[in-house]
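**Student:** So that you have it, the file is start37.pdb, and it contains PDB, C-alpha atoms (C1' of nucleotides):
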ATOM      1  CA  MET A  11      69.719  93.906 108.453  1.00  0.00           C
ATOM      2  CA  LYS A  12      69.040  97.251 106.840  1.00  0.00           C
ATOM      3  CA  PRO A  13      71.509  99.162 104.639  1.00  0.00           C
ATOM      4  CA  LEU A  14      73.498 101.983 106.195  1.00  0.00           C
ATOM      5  CA  ALA A  15      71.820 105.257 105.264  1.00  0.00           C
ATOM      6  CA  ALA A  16      73.545 107.814 103.043  1.00  0.00           C
ATOM      7  CA  ARG A  17      73.954 110.099 106.057  1.00  0.00           C
ATOM      8  CA  PHE A  18      76.186 107.453 107.679  1.00  0.00           C
ATOM      9  CA  TYR A  19      78.749 108.296 104.991  1.00  0.00           C
ATOM     10  CA  ALA A  20      78.227 112.065 105.055  1.00  0.00           C
ATOM     11  CA  ARG A  21      80.745 112.549 107.861  1.00  0.00           C
ATOM     12  CA  ASP A  22      84.474 112.935 108.363  1.00  0.00           C
ATOM     13  CA  THR A  23      86.185 110.168 106.362  1.00  0.00           C
ATOM     14  CA  LYS A  24      88.310 108.941 109.287  1.00  0.00           C
ATOM     15  CA  VAL A  25      85.153 108.560 111.369  1.00  0.00           C
ATOM     16  CA  VAL A  26      83.397 106.643 108.595  1.00  0.00           C
ATOM     17  CA  ALA A  27      86.416 104.376 108.005  1.00  0.00           C
ATOM     18  CA  ARG A  28      86.516 103.395 111.667  1.00  0.00           C
ATOM     19  CA  ALA A  29      82.721 103.042 111.871  1.00  0.00           C
ATOM     20  CA  LEU A  30      82.521 100.723 108.837  1.00  0.00           C
ATOM     21  CA  VAL A  31      84.518  97.958 110.532  1.00  0.00           C
ATOM     22  CA  GLY A  32      82.084  95.218 111.561  1.00  0.00           C
ATOM     23  CA  HIS A  33      79.326  96.012 109.078  1.00  0.00           C
ATOM     24  CA  ILE A  34      78.332  93.621 106.291  1.00  0.00           C
ATOM     25  CA  LEU A  35      79.121  93.980 102.576  1.00  0.00           C
ATOM     26  CA  VAL A  36      76.708  92.066 100.323  1.00  0.00           C
ATOM     27  CA  SER A  37      77.055  91.462  96.579  1.00  0.00           C
ATOM     28  CA  ASP A  38      74.455  89.984  94.221  1.00  0.00           C
ATOM     29  CA  VAL A  39      76.643  90.315  91.136  1.00  0.00           C
ATOM     30  CA  GLY A  40      75.719  87.724  88.534  1.00  0.00           C
ATOM     31  CA  GLY A  41      72.642  86.738  90.499  1.00  0.00           C
ATOM     32  CA  ARG A  42      74.756  85.018  93.128  1.00  0.00           C
ATOM     33  CA  ARG A  43      74.873  86.134  96.744  1.00  0.00           C
ATOM     34  CA  THR A  44      78.248  86.661  98.405  1.00  0.00           C
ATOM     35  CA  ALA A  45      78.775  88.550 101.636  1.00  0.00           C
ATOM     36  CA  GLY A  46      81.359  89.296 104.280  1.00  0.00           C
ATOM     37  CA  ARG A  47      82.005  91.268 107.415  1.00  0.00           C
ATOM     38  CA  ILE A  48      84.254  94.297 106.915  1.00  0.00           C
ATOM     39  CA  VAL A  49      87.390  93.830 109.030  1.00  0.00           C
ATOM     40  CA  GLU A  50      89.814  96.334 107.462  1.00  0.00           C
ATOM     41  CA  THR A  51      89.434  99.800 105.917  1.00  0.00           C
ATOM     42  CA  GLU A  52      91.535 102.805 104.982  1.00  0.00           C
ATOM     43  CA  ALA A  53      90.583 106.489 104.818  1.00  0.00           C
ATOM     44  CA  TYR A  54      91.550 108.635 101.798  1.00  0.00           C
ATOM     45  CA  THR A  55      90.637 112.042 103.024  1.00  0.00           C
ATOM     46  CA  GLY A  56      90.517 114.332 100.006  1.00  0.00           C
ATOM     47  CA  PRO A  57      92.530 116.994  98.169  1.00  0.00           C
ATOM     48  CA  ARG A  58      94.884 117.615 101.099  1.00  0.00           C
ATOM     49  CA  ASP A  59      95.803 113.914 101.411  1.00  0.00           C
ATOM     50  CA  PRO A  60      98.910 113.181  99.278  1.00  0.00           C
ATOM     51  CA  ALA A  61      97.931 109.505  98.940  1.00  0.00           C
ATOM     52  CA  CYS A  62      94.398 110.281  97.721  1.00  0.00           C
ATOM     53  CA  HIS A  63      93.769 110.036  93.981  1.00  0.00           C
ATOM     54  CA  ALA A  64      92.263 113.539  94.105  1.00  0.00           C
ATOM     55  CA  TRP A  65      95.327 115.064  95.772  1.00  0.00           C
ATOM     56  CA  GLY A  66      95.612 118.734  94.887  1.00  0.00           C
ATOM     57  CA  GLY A  67      92.069 118.757  93.537  1.00  0.00           C
ATOM     58  CA  ARG A  68      92.732 116.599  90.482  1.00  0.00           C
ATOM     59  CA  ARG A  69      89.482 115.794  88.740  1.00  0.00           C
ATOM     60  CA  THR A  70      89.435 113.562  85.649  1.00  0.00           C
ATOM     61  CA  ALA A  71      86.856 111.286  84.075  1.00  0.00           C
ATOM     62  CA  ARG A  72      88.281 108.290  85.889  1.00  0.00           C
ATOM     63  CA  LEU A  73      87.908 110.026  89.266  1.00  0.00           C
ATOM     64  CA  GLU A  74      84.404 111.288  88.677  1.00  0.00           C
ATOM     65  CA  GLN A  75      82.657 108.894  91.050  1.00  0.00           C
ATOM     66  CA  LEU A  76      85.075 109.841  93.838  1.00  0.00           C
ATOM     67  CA  TYR A  77      83.398 113.252  93.671  1.00  0.00           C
ATOM     68  CA  GLY A  78      79.944 111.688  93.852  1.00  0.00           C
ATOM     69  CA  PRO A  79      77.442 111.653  96.716  1.00  0.00           C
ATOM     70  CA  PRO A  80      78.176 109.914 100.027  1.00  0.00           C
ATOM     71  CA  GLY A  81      77.075 106.299 100.167  1.00  0.00           C
ATOM     72  CA  THR A  82      78.034 105.429  96.576  1.00  0.00           C
ATOM     73  CA  ALA A  83      80.842 103.250  95.230  1.00  0.00           C
ATOM     74  CA  TYR A  84      84.117 104.445  93.712  1.00  0.00           C
ATOM     75  CA  VAL A  85      85.672 101.464  91.911  1.00  0.00           C
ATOM     76  CA  TYR A  86      89.020 101.920  90.196  1.00  0.00           C
ATOM     77  CA  PHE A  87      91.375  99.743  88.148  1.00  0.00           C
ATOM     78  CA  THR A  88      95.064  99.505  89.040  1.00  0.00           C
ATOM     79  CA  TYR A  89      98.261  97.601  88.249  1.00  0.00           C
ATOM     80  CA  GLY A  90      96.779  96.594  84.929  1.00  0.00           C
ATOM     81  CA  MET A  91      94.592  93.885  86.420  1.00  0.00           C
ATOM     82  CA  HIS A  92      93.025  94.693  89.784  1.00  0.00           C
ATOM     83  CA  TRP A  93      89.826  96.421  90.890  1.00  0.00           C
ATOM     84  CA  CYS A  94      89.481  98.154  94.255  1.00  0.00           C
ATOM     85  CA  LEU A  95      86.258  99.202  95.989  1.00  0.00           C
ATOM     86  CA  ASN A  96      85.704 102.386  97.987  1.00  0.00           C
ATOM     87  CA  ALA A  97      82.684 103.868  99.763  1.00  0.00           C
ATOM     88  CA  VAL A  98      82.414 107.573  98.933  1.00  0.00           C
ATOM     89  CA  THR A  99      82.162 109.845 102.004  1.00  0.00           C
ATOM     90  CA  GLU A 100      81.521 113.434 103.114  1.00  0.00           C
ATOM     91  CA  ALA A 101      79.748 115.642 100.540  1.00  0.00           C
ATOM     92  CA  VAL A 102      79.028 115.788  96.819  1.00  0.00           C
ATOM     93  CA  ASP A 103      82.015 117.315  95.000  1.00  0.00           C
ATOM     94  CA  TYR A 104      84.329 116.558  97.919  1.00  0.00           C
ATOM     95  CA  PRO A 105      86.650 113.714  96.798  1.00  0.00           C
ATOM     96  CA  ALA A 106      87.071 111.452  99.819  1.00  0.00           C
ATOM     97  CA  ALA A 107      86.367 107.748 100.327  1.00  0.00           C
ATOM     98  CA  VAL A 108      87.011 104.647 102.407  1.00  0.00           C
ATOM     99  CA  LEU A 109      88.884 101.770 100.762  1.00  0.00           C
ATOM    100  CA  ILE A 110      87.478  98.379 101.788  1.00  0.00           C
ATOM    101  CA  ARG A 111      90.596  96.256 102.338  1.00  0.00           C
ATOM    102  CA  ALA A 112      89.442  92.932 103.812  1.00  0.00           C
ATOM    103  CA  LEU A 113      86.352  90.896 104.659  1.00  0.00           C
ATOM    104  CA  GLU A 114      85.574  87.913 106.843  1.00  0.00           C
ATOM    105  CA  PRO A 115      83.712  85.672 104.349  1.00  0.00           C
ATOM    106  CA  LEU A 116      80.191  84.880 105.568  1.00  0.00           C
ATOM    107  CA  GLU A 117      78.016  83.790 102.660  1.00  0.00           C
ATOM    108  CA  GLY A 118      78.541  82.352  99.162  1.00  0.00           C
ATOM    109  CA  LEU A 119      81.858  80.731  99.988  1.00  0.00           C
ATOM    110  CA  ALA A 120      81.568  78.297  97.067  1.00  0.00           C
ATOM    111  CA  VAL A 121      81.083  81.192  94.638  1.00  0.00           C
ATOM    112  CA  MET A 122      84.025  83.046  96.144  1.00  0.00           C
ATOM    113  CA  ARG A 123      86.286  80.004  95.890  1.00  0.00           C
ATOM    114  CA  ARG A 124      85.390  79.553  92.230  1.00  0.00           C
ATOM    115  CA  ARG A 125      85.989  83.224  91.381  1.00  0.00           C
ATOM    116  CA  ARG A 126      89.290  83.225  93.294  1.00  0.00           C
ATOM    117  CA  GLY A 127      90.674  80.151  91.547  1.00  0.00           C
ATOM    118  CA  GLY A 128      90.940  77.873  94.546  1.00  0.00           C
ATOM    119  CA  VAL A 129      93.153  79.853  96.909  1.00  0.00           C
ATOM    120  CA  SER A 130      92.921  79.036 100.607  1.00  0.00           C
ATOM    121  CA  ASP A 131      89.861  80.407 102.396  1.00  0.00           C
ATOM    122  CA  ARG A 132      92.150  82.635 104.489  1.00  0.00           C
ATOM    123  CA  LEU A 133      93.013  84.591 101.321  1.00  0.00           C
ATOM    124  CA  LEU A 134      89.569  84.720  99.703  1.00  0.00           C
ATOM    125  CA  CYS A 135      88.935  88.345 100.749  1.00  0.00           C
ATOM    126  CA  ALA A 136      92.203  89.381 102.453  1.00  0.00           C
ATOM    127  CA  GLY A 137      93.092  92.411 100.329  1.00  0.00           C
ATOM    128  CA  PRO A 138      91.254  95.081  98.344  1.00  0.00           C
ATOM    129  CA  ALA A 139      91.651  93.413  94.946  1.00  0.00           C
ATOM    130  CA  ARG A 140      91.062  89.941  96.367  1.00  0.00           C
ATOM    131  CA  LEU A 141      87.709  90.846  97.878  1.00  0.00           C
ATOM    132  CA  CYS A 142      86.612  92.513  94.645  1.00  0.00           C
ATOM    133  CA  GLU A 143      87.402  89.324  92.739  1.00  0.00           C
ATOM    134  CA  ALA A 144      85.584  87.194  95.329  1.00  0.00           C
ATOM    135  CA  LEU A 145      82.475  89.401  95.207  1.00  0.00           C
ATOM    136  CA  GLY A 146      82.531  89.975  91.445  1.00  0.00           C
ATOM    137  CA  VAL A 147      83.088  93.723  91.826  1.00  0.00           C
ATOM    138  CA  THR A 148      84.330  95.481  88.672  1.00  0.00           C
ATOM    139  CA  GLY A 149      84.178  98.939  87.101  1.00  0.00           C
ATOM    140  CA  ARG A 150      80.579  98.300  86.137  1.00  0.00           C
ATOM    141  CA  LEU A 151      79.763  99.134  89.765  1.00  0.00           C
ATOM    142  CA  ASP A 152      81.635 102.465  89.729  1.00  0.00           C
ATOM    143  CA  GLY A 153      79.082 104.966  91.027  1.00  0.00           C
ATOM    144  CA  ALA A 154      76.628 102.346  92.299  1.00  0.00           C
ATOM    145  CA  VAL A 155      74.428 103.310  95.233  1.00  0.00           C
ATOM    146  CA  LEU A 156      75.226 101.252  98.341  1.00  0.00           C
ATOM    147  CA  GLN A 157      71.745 101.424  99.879  1.00  0.00           C
ATOM    148  CA  ARG A 158      70.041  99.295  97.222  1.00  0.00           C
ATOM    149  CA  GLY A 159      71.024  97.419  94.078  1.00  0.00           C
ATOM    150  CA  VAL A 160      73.566  94.644  93.678  1.00  0.00           C
ATOM    151  CA  LEU A 161      76.100  96.042  96.169  1.00  0.00           C
ATOM    152  CA  ARG A 162      74.981  97.006  99.649  1.00  0.00           C
ATOM    153  CA  ILE A 163      76.515  97.636 103.063  1.00  0.00           C
ATOM    154  CA  LEU A 164      74.225  96.480 105.864  1.00  0.00           C
ATOM    155  CA  ASP A 165      74.039  97.832 109.396  1.00  0.00           C
ATOM    156  CA  ASN A 166      75.317  95.135 111.757  1.00  0.00           C
ATOM    157  CA  LYS A 167      74.009  96.287 115.098  1.00  0.00           C
ATOM    158  CA  ALA A 168      75.802  93.415 116.818  1.00  0.00           C
ATOM    159  CA  ARG A 169      79.267  94.593 115.783  1.00  0.00           C
ATOM    160  CA  ARG A 170      81.623  94.921 118.716  1.00  0.00           C
ATOM    161  CA  ASP A 171      85.169  95.142 117.474  1.00  0.00           C
ATOM    162  CA  ARG A 172      88.149  96.642 119.140  1.00  0.00           C
ATOM    163  CA  ILE A 173      89.897  98.693 116.468  1.00  0.00           C
ATOM    164  CA  VAL A 174      93.620  98.777 115.768  1.00  0.00           C
ATOM    165  CA  VAL A 175      94.902 101.822 113.847  1.00  0.00           C
ATOM    166  CA  THR A 176      98.031 101.660 111.656  1.00  0.00           C
ATOM    167  CA  PRO A 177      99.546 103.491 108.669  1.00  0.00           C
ATOM    168  CA  ARG A 178      98.055 102.686 105.267  1.00  0.00           C
ATOM    169  CA  ILE A 179      99.353  99.814 103.123  1.00  0.00           C
ATOM    170  CA  GLY A 180     101.030 100.232  99.758  1.00  0.00           C
ATOM    171  CA  VAL A 181     101.106 104.018  99.625  1.00  0.00           C
ATOM    172  CA  SER A 182     104.294 105.935  98.858  1.00  0.00           C
ATOM    173  CA  ARG A 183     103.162 109.321 100.172  1.00  0.00           C
ATOM    174  CA  ALA A 184     101.938 110.226 103.647  1.00  0.00           C
ATOM    175  CA  ILE A 185     103.254 106.799 104.616  1.00  0.00           C
ATOM    176  CA  ASP A 186     102.958 107.468 108.357  1.00  0.00           C
ATOM    177  CA  TRP A 187      99.394 108.797 108.498  1.00  0.00           C
ATOM    178  CA  PRO A 188      97.390 106.512 110.833  1.00  0.00           C
ATOM    179  CA  LEU A 189      94.371 105.953 108.595  1.00  0.00           C
ATOM    180  CA  ARG A 190      94.074 102.143 108.424  1.00  0.00           C
ATOM    181  CA  PHE A 191      91.449 100.614 110.707  1.00  0.00           C
ATOM    182  CA  CYS A 192      91.416  96.895 111.552  1.00  0.00           C
ATOM    183  CA  ALA A 193      89.248  94.616 113.673  1.00  0.00           C
ATOM    184  CA  ALA A 194      91.671  93.686 116.462  1.00  0.00           C
ATOM    185  CA  GLY A 195      92.860  90.107 116.255  1.00  0.00           C
ATOM    186  CA  SER A 196      90.889  89.191 113.142  1.00  0.00           C
ATOM    187  CA  PRO A 197      92.460  86.336 111.149  1.00  0.00           C
ATOM    188  CA  TRP A 198      90.973  87.758 107.930  1.00  0.00           C
ATOM    189  CA  LEU A 199      93.121  90.909 107.577  1.00  0.00           C
ATOM    190  CA  SER A 200      95.181  91.581 104.451  1.00  0.00           C
ATOM    191  CA  ARG A 201      98.244  91.176 106.630  1.00  0.00           C
ATOM    192  CA  PRO A 202      98.764  90.304 110.284  1.00  0.00           C
ATOM    193  CA  THR A 203      98.618  93.358 112.514  1.00  0.00           C
ATOM    194  CA  ALA A 204      99.773  93.440 116.122  1.00  0.00           C
ATOM    195  CA  ALA A 205      96.687  93.639 118.327  1.00  0.00           C
ATOM    196  CA  ARG A 206      96.533  96.322 120.930  1.00  0.00           C
TER     197      ARG A 206
ATOM    198  C1'  DG B  24     109.957  81.591 107.353  1.00  0.00           C
ATOM    199  C1'  DG B  25     111.155  85.446 103.987  1.00  0.00           C
ATOM    200  C1'  DT B  26     111.832  88.390  99.694  1.00  0.00           C
ATOM    201  C1'  DA B  27     112.270  89.511  94.704  1.00  0.00           C
ATOM    202  C1'  DG B  28     110.343  89.952  90.277  1.00  0.00           C
ATOM    203  C1'  DG B  29     106.712  89.792  86.871  1.00  0.00           C
ATOM    204  C1'  DA B  30     101.998  90.544  85.094  1.00  0.00           C
ATOM    205  C1'  DT B  31      99.607  94.336  82.771  1.00  0.00           C
ATOM    206  C1'  DA B  32      97.245  99.035  81.606  1.00  0.00           C
ATOM    207  C1'  DA B  33      95.987 103.835  82.516  1.00  0.00           C
ATOM    208  C1'  DG B  34      97.443 108.201  83.738  1.00  0.00           C
ATOM    209  C1'  DC B  35     100.850 111.398  84.601  1.00  0.00           C
ATOM    210  C1'  DT B  36     105.472 114.036  83.706  1.00  0.00           C
TER     211       DT B  36
ATOM    212  C1'  DG C   3     109.270 106.750  80.248  1.00  0.00           C
ATOM    213  C1'  DC C   4     107.713 106.117  85.073  1.00  0.00           C
ATOM    214  C1'  DT C   5     104.446 105.275  88.775  1.00  0.00           C
ATOM    215  C1'  DT C   6     100.671 102.946  90.700  1.00  0.00           C
ATOM    216  C1'  DA C   7      95.536 102.695  97.219  1.00  0.00           C
ATOM    217  C1'  DT C   8      98.081  94.768  94.052  1.00  0.00           C
ATOM    218  C1'  DC C   9      98.662  89.916  93.867  1.00  0.00           C
ATOM    219  C1'  DC C  10     100.944  85.652  92.630  1.00  0.00           C
ATOM    220  C1'  DT C  11     104.837  82.644  91.830  1.00  0.00           C
ATOM    221  C1'  DA C  12     109.417  81.288  92.311  1.00  0.00           C
ATOM    222  C1'  DC C  13     113.218  80.949  94.826  1.00  0.00           C
ATOM    223  C1'  DC C  14     116.166  80.941  99.112  1.00  0.00           C
ATOM    224  C1'  DA C  15     116.762  79.999 104.043  1.00  0.00           C
TER     225       DA C  15
END
Please go through the file and, once you have read it, give me the structure as structure tokens.

**Tutor:**
Amino acid sequence: MKPLAARFYARDTKVVARALVGHILVSDVGGRRTAGRIVETEAYTGPRDPACHAWGGRRTARLEQLYGPPGTAYVYFTYGMHWCLNAVTEAVDYPAAVLIRALEPLEGLAVMRRRRGGVSDRLLCAGPARLCEALGVTGRLDGAVLQRGVLRILDNKARRDRIVVTPRIGVSRAIDWPLRFCAAGSPWLSRPTAAR
DNA sequence: GGTAGGATAAGCT
DNA sequence: GCTTATCCTACCA
């Protein structure tokens, strides 16, 4: 499988978030291969989105990679202990991204289990911070290019998922915006979602 | 089955 | 001081 080209990400963030479901995220962090199929994403659509870190046009050192070119990683630290991975979208200097929220583990399960401290396989990658831990993603990958290097998203031509759309998880603003995209019926989601 | 509270740090008001 | 795009454990039913 080939990586998704940068132009895949240079589109409306909602479109990219929906289109990413079913593609394959691969990590070679630490020289060990782990990979999974993306089954859940959320769109954070830029300065007019109250739940986006760059709401109102905020731009600080921590947010710099959110303003980077489409097809790069924005990795941020939260709650004092967790990393979360986003794929930057749209255009350079426009702060929008897709949060990767859950994977179906495909490769490197033994590595994932070790990194995750022996939780059940169901929970290896079922949440944005969980999948970062399983794949070894940390702030060192903030700004990394997703077409080559240790973190890549590969084009899965065989993907055929029905998509369920719901409000985003864990946000306290714009709580009803339908910007979470899930593979319908997947058992690997961060939380069960009624299929439709 | 469910929910409440704690861990832990950066950034904002 | 308070909030945060979270997760885990403990406790109760």

**Student:** Considering only C-alpha atoms (C1' of nucleotides), state which residue in the set A:Ser196, A:Thr51, A:Thr23, A:Gln157 is at the smallest distance from chain C.

**Tutor:**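 Under the stated criterion, the closest residue is A:Thr51.
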
**Student:** Nearest residue to DG34 of chain B out of A:Cys192, A:Val175, A:Leu134, A:Leu73, using all atoms listed in the file?

**Tutor:** A:Leu73

**Student:** Identify all chain C residues at most 10 Å from chain A by counting all atoms listed in the file; ligands do not count. Present them as a ChimeraX atom specification.

**Tutor:** /C:5-9

**Student:** Just the number, please: distance in Å from atom CA of Ala112 of chain A to atom CA of Gly67 of chain A, one decimal.

**Tutor:**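 Distance reported for this atom pair: 27.9 Å.
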
**Student:** Convert the output of the PyMOL selection byres ((chain B and resi 29) around 9) on the shown file into explicit residues, formatted as a PyMOL selection string.

**Tutor:** (chain B and resi 28+30) or (chain C and resi 11)

**Student:** Hey, what comes out of the PyMOL selection byres ((chain B) within 9 of (chain A)) on this file? Could you write it as a PDB file with C-alpha atoms (C1' of nucleotides), keeping the file's coordinate frame?

**Tutor:**
ATOM      1  C1'  DA B  30     101.998  90.544  85.094  1.00  0.00           C
ATOM      2  C1'  DT B  31      99.607  94.336  82.771  1.00  0.00           C
ATOM      3  C1'  DA B  32      97.245  99.035  81.606  1.00  0.00           C
ATOM      4  C1'  DA B  33      95.987 103.835  82.516  1.00  0.00           C
TER       5       DA B  33
END

**Student:** Can you measure atom CA of Ala106 of chain A to atom CA of Gly153 of chain A for me? One decimal in Å is fine.

**Tutor:**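 If I compute the distance from atom CA of Ala106 of chain A to atom CA of Gly153 of chain A, I get 13.5 Å.
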
**Student:** Can you tell me which residues surround DA15 of chain C at a distance of at most 12 Å, considering only C-alpha atoms (C1' of nucleotides), apart from same-chain residues fewer than 5 positions away, and format the answer as a list of chain:residue names?

**Tutor:**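 Skipping anything fewer than 5 positions along the chain leaves B:DG24, B:DG25, B:DT26.
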
**Student:** At what distance in Å, to one decimal, does atom CA of Thr82 of chain A lie from atom CA of Ala154 of chain A?

**Tutor:**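 About the pair atom CA of Ala154 of chain A and atom CA of Thr82 of chain A: they are 5.5 Å apart.
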
**Student:** Please evaluate the PyMOL selection byres ((chain B and resi 36) around 10) against the structure above and give the resulting residues as a list in words.

**Tutor:**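 When the PyMOL selection byres ((chain B and resi 36) around 10) is applied to the shown file, the picked residues are DG34 and DC35 of chain B; DG3 and DC4 of chain C.
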
**Student:** Give me, as a PyMOL selection string, all polymer residues having an atom no more than 12 Å from Ser130 of chain A, counting all atoms listed in the file and skipping those fewer than 5 positions away in the same chain.

**Tutor:** chain A and resi 115+119-120+122-124+135-136+140+198

**Student:** So which residues touch His33 of chain A within 10 Å, counting all atoms listed in the file, skipping near sequence neighbours fewer than 5 positions away, as a PDB file with C-alpha atoms, in the frame of the given file?

**Tutor:**
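Here's the written file out-v3.pdb:
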ATOM      1  CA  MET A  11      69.719  93.906 108.453  1.00  0.00           C
ATOM      2  CA  PRO A  13      71.509  99.162 104.639  1.00  0.00           C
ATOM      3  CA  LEU A  14      73.498 101.983 106.195  1.00  0.00           C
ATOM      4  CA  GLY A  46      81.359  89.296 104.280  1.00  0.00           C
ATOM      5  CA  ARG A  47      82.005  91.268 107.415  1.00  0.00           C
ATOM      6  CA  ILE A  48      84.254  94.297 106.915  1.00  0.00           C
ATOM      7  CA  VAL A  49      87.390  93.830 109.030  1.00  0.00           C
ATOM      8  CA  LEU A 113      86.352  90.896 104.659  1.00  0.00           C
ATOM      9  CA  ILE A 163      76.515  97.636 103.063  1.00  0.00           C
ATOM     10  CA  LEU A 164      74.225  96.480 105.864  1.00  0.00           C
ATOM     11  CA  ASP A 165      74.039  97.832 109.396  1.00  0.00           C
ATOM     12  CA  ASN A 166      75.317  95.135 111.757  1.00  0.00           C
ATOM     13  CA  LYS A 167      74.009  96.287 115.098  1.00  0.00           C
ATOM     14  CA  ALA A 168      75.802  93.415 116.818  1.00  0.00           C
ATOM     15  CA  ARG A 169      79.267  94.593 115.783  1.00  0.00           C
ATOM     16  CA  ARG A 170      81.623  94.921 118.716  1.00  0.00           C
TER      17      ARG A 170
END

**Student:** Assuming 6 Å of padding per side, give the centre and edge lengths of the axis-aligned box around every listed atom of segment 27-30 of chain B, in Å to one decimal and as lines of an AutoDock Vina configuration file.

**Tutor:**
center_x = 107.1
center_y = 90.0
center_z = 89.9
size_x = 22.3
size_y = 13.0
size_z = 21.6
